[in-house]
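Here the structure is laid out as structure tokens; the discussion comes afterwards.
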Amino acid sequence: MIIKKKRINSDQRIKNELVHGEYISQKGEEVWNWSSPAGRIRWKRRCDMFREFLGNSGKKVLEIGCGTGLFTGEISKTANKITAIDISPTLLDLAKRQVDVPNVEFMVKNAYNTGFENFSFDCIVGSSVLHHLDIDRAILEFYRLLKPSGGIMFTEPNMMNPQIAMERNIPFIRKLTSTSHDETAFFRWRLRKKLVTSGFDDVSVIPFDFFHPGVPEFLIPMVKPILYRIEHIPLLKEIAGSLIIKGRKKTKNQ
């Protein structure tokens, strides 16, 4: 009975995300707050981080939850082979129209059961996607798919951030902010423990980003350096808006 209940919950979660995908296809960048002047700066910073992580050495990269392809287009500028997956055919249709480059392949896939062979990828990445997933099942699948010493990198919402905590835990605010039914956020120490327990090595889950997308454009030059400095202040940094998650699969002889 427990297994059946989990399966039903998982199936319903997928249905909920498909509905959310239809919503995203209509709203686009507004959903992720990338369209404001401050939002564009936040977006560029994330893209730079991921491109630096991936490098240009011809890796096989799996992008989880590619959505409309906004992030895919940026990481495709590296000399790597990108396989970008999403559960929503509607979002993938948009992504294919926006990103038409030879080193990217889009596929409709379930992140828990991709169907790819073991050890298929050098890196697995994603921007704001893990908080939509059953994290335990997703981690197990990522570990299976990675080659030994293969790496993961994700950026995700931080549950220690007051705004995010209210969005995820107060029904009225959840509805007001169009947060989908199953979206959550992460406490970094719990997420780190899950990754280590699942076999990942060199795990780091670091809070960053106090740069709110609502910052008025005229204030950006003044507040940007201050907000970046706060990311390095003990205790205060814990309530940053986002987390950078990294880890690697242990080599065979570890």
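Chains: A, B, ... in order of the structure tokens. Residues: from 1 per chain. Ligands: from 1, in order shown.
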Problem set entry | Test item, alpha helix (DSSP H) assignment across region 6-245 of chain A, answer as a PyMOL selection string | chain A and resi 6-27+29-32+37-54+70-75+89-98+135-145+162-169+171-176+188-197+220-230
Output C-alpha atoms for every residue in that selection, as a short mmCIF file (atom, residue, chain, number, x, y, z; two decimals), in the first residue's frame.
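Below you can see selection-v2.cif, which holds the result:
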```cif
data_model
loop_
_atom_site.label_atom_id
_atom_site.label_comp_id
_atom_site.auth_asym_id
_atom_site.auth_seq_id
_atom_site.Cartn_x
_atom_site.Cartn_y
_atom_site.Cartn_z
CA LYS A 6 4.00 6.95 -3.46
CA ARG A 7 3.27 6.10 -7.09
CA ILE A 8 -0.04 7.96 -6.98
CA ASN A 9 1.61 11.00 -5.41
CA SER A 10 4.37 10.92 -8.03
CA ASP A 11 1.87 10.66 -10.88
CA GLN A 12 -0.12 13.57 -9.48
CA ARG A 13 3.05 15.62 -9.13
CA ILE A 14 3.84 15.09 -12.80
CA LYS A 15 0.30 16.17 -13.73
CA ASN A 16 0.69 19.29 -11.59
CA GLU A 17 3.98 20.16 -13.29
CA LEU A 18 2.45 19.70 -16.74
CA VAL A 19 -0.25 22.19 -15.77
CA HIS A 20 2.43 24.55 -14.46
CA GLY A 21 4.30 24.14 -17.74
CA GLU A 22 1.25 25.45 -19.62
CA TYR A 23 1.22 28.47 -17.32
CA ILE A 24 4.94 29.11 -17.87
CA SER A 25 4.49 28.88 -21.65
CA GLN A 26 2.16 31.89 -21.41
CA LYS A 27 4.14 33.97 -18.90
CA GLU A 29 10.49 35.21 -18.17
CA GLU A 30 8.02 36.92 -15.83
CA VAL A 31 7.62 33.67 -13.87
CA TRP A 32 11.34 33.58 -13.02
CA PRO A 37 16.89 45.26 -14.99
CA ALA A 38 17.98 43.62 -11.71
CA GLY A 39 16.59 40.27 -12.88
CA ARG A 40 18.76 40.37 -16.01
CA ILE A 41 21.86 40.94 -13.87
CA ARG A 42 20.94 37.97 -11.65
CA TRP A 43 20.37 35.85 -14.74
CA LYS A 44 23.71 36.77 -16.33
CA ARG A 45 25.53 35.97 -13.09
CA ARG A 46 24.01 32.49 -12.96
CA CYS A 47 24.80 31.83 -16.60
CA ASP A 48 28.42 32.85 -16.07
CA MET A 49 28.66 30.48 -13.07
CA PHE A 50 27.34 27.53 -15.05
CA ARG A 51 29.52 28.19 -18.08
CA GLU A 52 32.57 28.37 -15.82
CA PHE A 53 31.56 25.09 -14.16
CA LEU A 54 31.11 23.28 -17.47
CA LEU A 70 16.44 30.31 -21.74
CA PHE A 71 19.23 28.68 -19.76
CA THR A 72 19.93 26.09 -22.47
CA GLY A 73 20.78 28.80 -24.96
CA GLU A 74 23.42 30.18 -22.63
CA ILE A 75 25.18 26.92 -21.74
CA PRO A 89 6.07 18.95 -24.39
CA THR A 90 4.63 22.47 -24.58
CA LEU A 91 7.74 24.03 -23.04
CA LEU A 92 10.04 21.90 -25.19
CA ASP A 93 8.30 23.11 -28.34
CA LEU A 94 9.10 26.67 -27.29
CA ALA A 95 12.67 25.71 -26.39
CA LYS A 96 13.29 24.10 -29.79
CA ARG A 97 12.14 27.27 -31.54
CA GLN A 98 14.36 29.50 -29.40
CA ILE A 135 14.47 15.26 -4.52
CA ASP A 136 15.31 11.78 -3.21
CA ARG A 137 14.32 10.06 -6.45
CA ALA A 138 16.03 12.71 -8.55
CA ILE A 139 19.35 12.41 -6.70
CA LEU A 140 19.40 8.63 -7.18
CA GLU A 141 18.82 9.01 -10.92
CA PHE A 142 21.51 11.69 -11.26
CA TYR A 143 24.03 9.50 -9.49
CA ARG A 144 23.21 6.59 -11.79
CA LEU A 145 23.63 8.70 -14.92
CA PRO A 162 12.06 34.99 4.67
CA GLN A 163 10.31 35.80 1.39
CA ILE A 164 10.79 32.30 0.00
CA ALA A 165 9.70 30.69 3.25
CA MET A 166 6.43 32.65 3.16
CA GLU A 167 5.83 31.84 -0.52
CA ARG A 168 6.26 28.11 0.13
CA ASN A 169 4.42 27.83 3.45
CA PRO A 171 -1.25 29.28 1.10
CA PHE A 172 -2.47 32.82 0.37
CA ILE A 173 1.01 34.04 -0.57
CA ARG A 174 1.72 30.85 -2.52
CA LYS A 175 -1.34 31.55 -4.66
CA LEU A 176 -0.55 35.26 -4.97
CA ARG A 188 21.20 23.73 2.77
CA TRP A 189 22.40 21.38 5.52
CA ARG A 190 19.59 18.91 4.82
CA LEU A 191 20.25 18.95 1.10
CA ARG A 192 23.96 18.46 1.64
CA LYS A 193 23.27 15.45 3.84
CA LYS A 194 21.04 13.89 1.17
CA LEU A 195 23.76 14.25 -1.45
CA VAL A 196 26.51 12.85 0.77
CA THR A 197 24.32 9.94 1.86
CA ILE A 220 21.54 49.10 -8.94
CA PRO A 221 25.02 50.72 -9.13
CA MET A 222 24.79 51.69 -5.45
CA VAL A 223 23.35 48.51 -3.90
CA LYS A 224 24.92 45.81 -6.09
CA PRO A 225 28.41 45.81 -4.46
CA ILE A 226 26.86 46.00 -0.98
CA LEU A 227 24.56 43.04 -1.61
CA TYR A 228 27.40 40.97 -3.05
CA ARG A 229 29.49 41.64 0.07
CA ILE A 230 26.67 40.50 2.37
#
```
For this session: Could you pull out the residues in region 6-177 of chain A that DSSP calls strand (DSSP E or B) from the backbone, as number ranges by chain?
Result: A: 60-64, 81-86, 104-108, 110, 113, 121-127, 146-158
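Taking CA of Lys77 (chain A) as the reference point, CA of Glu156 (chain A) is found at 22.3 Å.
Using only C-alpha atoms, the smallest distance between any of A:Ile87, A:Met160, A:Ala79, A:Leu146 and Leu236 (chain A) comes from A:Met160.
Picture a line from CA of His181 (chain A) to CA of Cys66 (chain A); it runs 19.2 Å.
Considering only C-alpha atoms, the residue among A:Leu219, A:Ile82, A:Ile233, A:Met153 positioned nearest to Lys249 (chain A) is A:Met153.
Shortest atom-to-atom contact with Phe211 (chain A) among A:Trp34, A:Thr78, A:His132, A:Thr68: A:Trp34, counting only C-alpha atoms.
You will find CA of Glu183 (chain A) at 7.9 Å from CA of Leu133 (chain A).
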Seminar exercise, completed: Using only C-alpha atoms, the residue out of A:Phe210, A:Phe218, A:Phe186, A:Phe154 with shortest distance to Gly247 (chain A) is A:Phe154
